[in-house]
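A.B. asks: My structure is below; once you've seen it, I'll send some questions.
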Amino acid sequence: MNGPILVTGAAGFIGSHVVDVLRSQFPDRHVASFDALTYAGNLDNLAAHRDDPNHSFIHGDVADRDAVRAAFDAVAPTAVLHLAAESHVDRSLVDPLSFVRTNVMGTAVLLQEARRAWGDRTDVRFVHVSTDEVFGALGETGSFDAHTPYDPRSPYSASKAGSDHLARAFHHSYGLPVIVTNCTNNYGPRQFPEKLVPLALLRAVEGGIVPVYGQGQQVRDWLHVRDHARGLVSTMRDGVPGSTYVFGGEAERKNLDLVTDLLDVVDAQLGRPSGTSRAFIRFVADRPGHDYRYAMDIEATRRDLGWAPSVSLAEGLRDTVAWYLANGPWLERVRSGNYRAWETTWYAGRQ
Ligand code: NAD
Ligand code: TYD
């Protein structure tokens, strides 16, 4: 399979790393980055590709049928990696309808336009990128896999679940060569600082409070974003249409333990006495309906795609802290009025 690749949500956190992997693995294939540049999208994330003749940027909304159709016509992609989404659970609790619009309607529009552009072609791929949160929450034991029944519990995960069902339905009903992926929590450079890892590390650097929801006993599995991006590109290249591949880091941590380890890395890199940043931790009101635990069994993906996580959590946290400490100008730009407004609204009454 050859030809141009369309990446939606490419100016966001994971999408921009996917573009990096694509451009390095396929120097001869054109990559078109499609993104609405919401508060979470940032063209700085694609700065490495600004002067690359085999990369282009299209400013557009996935829920806007005309914009999506124009992108298909202009790019003529033979593969779509669909990452555009509203992605933050806490925001979905405040504004669920924008999640339905982008995640459900946007995915439906993209699938429909792919169908229009591709007809019955089988030498094309539509990779729909989703989350482990569609599977619900686990207790102390067990893990999700590609066959776990869906049980989404937040407006975010419900909207992602809806989009996953549509993606599979387009494969089943029309034979569109769709592949779905579900992944655990990502972390790494360029993550918008509303998510736990960048939020906690930046608060510690700046001496602000580090908010831990509830008692910090919830468990998440953490995968470095570069490993996820590599896995998505392997899925595009080697995945079987109609299949689901699940990704995870085999690195489960209670939130409080993750934050503590992260803050210790901040202290080490800033040359502060060990334990200084732990004093910034505050237990704040829990997230409503907070899922207790997520974990993923990645054996099938390891076997079928030959993929495995390569960055240990300890190494990945060091890499992430170092990146944020070295990229102050990036941070200033993403901390626009919109970001500040969100931070103020959400945390009001929680500290
Ligand atoms: P992000 O919020 O950092 O980036 C989302 C990108 O999508 C932004 O660039 C934004 O501008 C763009 N976007 C939003 N609405 C759009 C629209 N209507 N049209 C076009 N572009 C739009 O998200 P992320 O963390 O990079 O997540 C990317 C994808 O991966 C999402 O589908 C998410 O559900 C999934 N995912 C994320 C994680 C994680 O831990 N972050 C884990 C598993 C799966
Ligand atoms: P988050 O990064 O929002 O990812 P997700 O909700 O998709 O798992 O949150 C990760 C975990 O950290 C989640 O259990 C909620 C918790 N959390 C905090 O304790 N404090 C915070 O300020 C944030 C943003 C999250």
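Naming scheme: A, B, ... for chains in displayed order of the structure tokens; residues 1 onward per chain; ligands 1 onward as shown.
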Distance limit 6 Å, reference ligand 2, atoms considered: only C-alpha atoms and all ligand atoms. Which residues make the cut? Give them as a PyMOL selection string.
C.D. replies: chain A and resi 88-89+185+194-196+211-213+216+218+255
A.B. asks: Can you build me a table of chain A residues sitting at most 7 Å from ligand 1, with the closest atom pair per residue and its distance in Å to one decimal, using only C-alpha atoms and all ligand atoms, sorted by chain and residue number, as JSON lines?
C.D. replies:
{"residue": "A:Thr8", "atom": "CA", "partner": "ligand 1", "partner_atom_place_in_ligand_line": "21 (N)", "distance": 6.1}
{"residue": "A:Gly9", "atom": "CA", "partner": "ligand 1", "partner_atom_place_in_ligand_line": "7 (O)", "distance": 3.5}
{"residue": "A:Ala10", "atom": "CA", "partner": "ligand 1", "partner_atom_place_in_ligand_line": "9 (O)", "distance": 5.7}
{"residue": "A:Ala11", "atom": "CA", "partner": "ligand 1", "partner_atom_place_in_ligand_line": "9 (O)", "distance": 4.0}
{"residue": "A:Gly12", "atom": "CA", "partner": "ligand 1", "partner_atom_place_in_ligand_line": "9 (O)", "distance": 3.2}
{"residue": "A:Phe13", "atom": "CA", "partner": "ligand 1", "partner_atom_place_in_ligand_line": "26 (O)", "distance": 3.7}
{"residue": "A:Ile14", "atom": "CA", "partner": "ligand 1", "partner_atom_place_in_ligand_line": "26 (O)", "distance": 3.7}
{"residue": "A:Gly15", "atom": "CA", "partner": "ligand 1", "partner_atom_place_in_ligand_line": "26 (O)", "distance": 5.4}
{"residue": "A:Phe34", "atom": "CA", "partner": "ligand 1", "partner_atom_place_in_ligand_line": "20 (C)", "distance": 6.5}
{"residue": "A:Asp35", "atom": "CA", "partner": "ligand 1", "partner_atom_place_in_ligand_line": "21 (N)", "distance": 3.8}
{"residue": "A:Ala36", "atom": "CA", "partner": "ligand 1", "partner_atom_place_in_ligand_line": "20 (C)", "distance": 4.0}
{"residue": "A:Leu37", "atom": "CA", "partner": "ligand 1", "partner_atom_place_in_ligand_line": "11 (O)", "distance": 3.7}
{"residue": "A:Thr38", "atom": "CA", "partner": "ligand 1", "partner_atom_place_in_ligand_line": "11 (O)", "distance": 3.9}
{"residue": "A:Tyr39", "atom": "CA", "partner": "ligand 1", "partner_atom_place_in_ligand_line": "11 (O)", "distance": 6.3}
{"residue": "A:Ala40", "atom": "CA", "partner": "ligand 1", "partner_atom_place_in_ligand_line": "8 (C)", "distance": 4.6}
{"residue": "A:Gly41", "atom": "CA", "partner": "ligand 1", "partner_atom_place_in_ligand_line": "9 (O)", "distance": 3.1}
{"residue": "A:Asn42", "atom": "CA", "partner": "ligand 1", "partner_atom_place_in_ligand_line": "9 (O)", "distance": 6.3}
{"residue": "A:Gly60", "atom": "CA", "partner": "ligand 1", "partner_atom_place_in_ligand_line": "20 (C)", "distance": 5.7}
{"residue": "A:Asp61", "atom": "CA", "partner": "ligand 1", "partner_atom_place_in_ligand_line": "19 (N)", "distance": 3.4}
{"residue": "A:Val62", "atom": "CA", "partner": "ligand 1", "partner_atom_place_in_ligand_line": "19 (N)", "distance": 4.0}
{"residue": "A:Ala63", "atom": "CA", "partner": "ligand 1", "partner_atom_place_in_ligand_line": "18 (N)", "distance": 5.6}
{"residue": "A:Leu83", "atom": "CA", "partner": "ligand 1", "partner_atom_place_in_ligand_line": "29 (C)", "distance": 4.1}
{"residue": "A:Ala84", "atom": "CA", "partner": "ligand 1", "partner_atom_place_in_ligand_line": "7 (O)", "distance": 3.6}
{"residue": "A:Ala85", "atom": "CA", "partner": "ligand 1", "partner_atom_place_in_ligand_line": "14 (C)", "distance": 4.5}
{"residue": "A:Glu86", "atom": "CA", "partner": "ligand 1", "partner_atom_place_in_ligand_line": "14 (C)", "distance": 5.2}
{"residue": "A:Ser87", "atom": "CA", "partner": "ligand 1", "partner_atom_place_in_ligand_line": "2 (O)", "distance": 4.7}
{"residue": "A:His88", "atom": "CA", "partner": "ligand 1", "partner_atom_place_in_ligand_line": "2 (O)", "distance": 6.7}
{"residue": "A:Thr102", "atom": "CA", "partner": "ligand 1", "partner_atom_place_in_ligand_line": "18 (N)", "distance": 4.5}
{"residue": "A:Gly106", "atom": "CA", "partner": "ligand 1", "partner_atom_place_in_ligand_line": "18 (N)", "distance": 6.3}
{"residue": "A:Val129", "atom": "CA", "partner": "ligand 1", "partner_atom_place_in_ligand_line": "32 (O)", "distance": 5.4}
{"residue": "A:Ser130", "atom": "CA", "partner": "ligand 1", "partner_atom_place_in_ligand_line": "44 (C)", "distance": 4.5}
{"residue": "A:Thr131", "atom": "CA", "partner": "ligand 1", "partner_atom_place_in_ligand_line": "43 (C)", "distance": 3.8}
{"residue": "A:Asp132", "atom": "CA", "partner": "ligand 1", "partner_atom_place_in_ligand_line": "43 (C)", "distance": 6.4}
{"residue": "A:Lys160", "atom": "CA", "partner": "ligand 1", "partner_atom_place_in_ligand_line": "34 (O)", "distance": 6.5}
{"residue": "A:Asn182", "atom": "CA", "partner": "ligand 1", "partner_atom_place_in_ligand_line": "43 (C)", "distance": 6.2}
{"residue": "A:Cys183", "atom": "CA", "partner": "ligand 1", "partner_atom_place_in_ligand_line": "43 (C)", "distance": 4.3}
{"residue": "A:Thr184", "atom": "CA", "partner": "ligand 1", "partner_atom_place_in_ligand_line": "42 (C)", "distance": 5.1}
{"residue": "A:Asn185", "atom": "CA", "partner": "ligand 1", "partner_atom_place_in_ligand_line": "40 (O)", "distance": 3.6}
{"residue": "A:Asn186", "atom": "CA", "partner": "ligand 1", "partner_atom_place_in_ligand_line": "40 (O)", "distance": 3.7}
{"residue": "A:Tyr187", "atom": "CA", "partner": "ligand 1", "partner_atom_place_in_ligand_line": "40 (O)", "distance": 6.6}
{"residue": "A:Gln191", "atom": "CA", "partner": "ligand 1", "partner_atom_place_in_ligand_line": "3 (O)", "distance": 6.0}
{"residue": "A:Phe192", "atom": "CA", "partner": "ligand 1", "partner_atom_place_in_ligand_line": "3 (O)", "distance": 5.8}
A.B. asks: Produce a file of the selected residues containing C-alpha atoms, as a short mmCIF file (atom, residue, chain, number, x, y, z; two decimals), in the first residue's frame.
C.D. replies:
data_model
loop_
_atom_site.label_atom_id
_atom_site.label_comp_id
_atom_site.auth_asym_id
_atom_site.auth_seq_id
_atom_site.Cartn_x
_atom_site.Cartn_y
_atom_site.Cartn_z
CA THR A 8 -6.93 13.98 11.72
CA GLY A 9 -6.19 15.66 15.07
CA ALA A 10 -2.59 15.96 13.87
CA ALA A 11 -1.91 19.19 15.76
CA GLY A 12 -2.81 17.54 19.06
CA PHE A 13 -0.71 15.47 21.41
CA ILE A 14 -0.78 11.94 19.96
CA GLY A 15 -1.54 13.02 16.39
CA PHE A 34 -6.09 17.87 9.27
CA ASP A 35 -7.04 19.73 12.43
CA ALA A 36 -9.59 22.28 13.65
CA LEU A 37 -7.02 23.84 16.03
CA THR A 38 -9.31 23.80 19.05
CA TYR A 39 -7.82 24.81 22.41
CA ALA A 40 -6.01 21.42 22.35
CA GLY A 41 -4.50 21.81 18.88
CA ASN A 42 -1.28 23.69 18.43
CA GLY A 60 -10.77 21.96 9.11
CA ASP A 61 -13.44 20.48 11.33
CA VAL A 62 -14.16 16.73 11.06
CA ALA A 63 -17.86 17.38 11.63
CA LEU A 83 -7.34 10.96 16.02
CA ALA A 84 -9.37 14.19 16.04
CA ALA A 85 -11.50 14.23 19.16
CA GLU A 86 -12.49 16.06 22.27
CA SER A 87 -10.33 14.06 24.67
CA HIS A 88 -10.61 15.27 28.26
CA THR A 102 -16.86 15.99 17.35
CA GLY A 106 -17.16 13.93 13.25
CA VAL A 129 -8.07 5.61 17.28
CA SER A 130 -9.90 5.05 20.55
CA THR A 131 -9.44 4.60 24.26
CA ASP A 132 -9.59 1.85 26.89
CA LYS A 160 -15.80 7.45 21.91
CA ASN A 182 -8.01 1.10 21.96
CA CYS A 183 -5.21 2.42 24.15
CA THR A 184 -4.56 3.17 27.81
CA ASN A 185 -3.39 6.54 29.19
CA ASN A 186 -0.66 8.22 27.17
CA TYR A 187 1.95 10.62 28.51
CA GLN A 191 0.49 16.78 26.04
CA PHE A 192 -1.91 19.60 26.77
#
A.B. asks: Got a sec: who's within 12 Å of Ser154 in chain A, counting only C-alpha atoms, leaving out chain neighbours fewer than 6 positions off, as a list in words?
C.D. replies: Ser87, His88, Val89, Asp90, Arg91, Ser92, Leu93, Val94, Asp95, Pro96, Phe99, Val100, Glu133, Val134, Phe135, Gly136, Ala137, Lys160, Ala161, Arg287, Pro288, Gly289, His290 and Asp291 of chain A
A.B. asks: Using only C-alpha atoms, can you tell me which of A:Gly175, A:Gly328, A:Gly207, A:Pro309 comes closest to Glu250 in chain A?
C.D. replies: A:Pro309
A.B. asks: Within range 80-277 of chain A, find each residue whose DSSP state, derived from the backbone, is alpha helix (DSSP H), and express the selection as a ChimeraX atom specification.
C.D. replies: /A:89-94,96-99,106-118,155-174,196-206,225-238,255-270
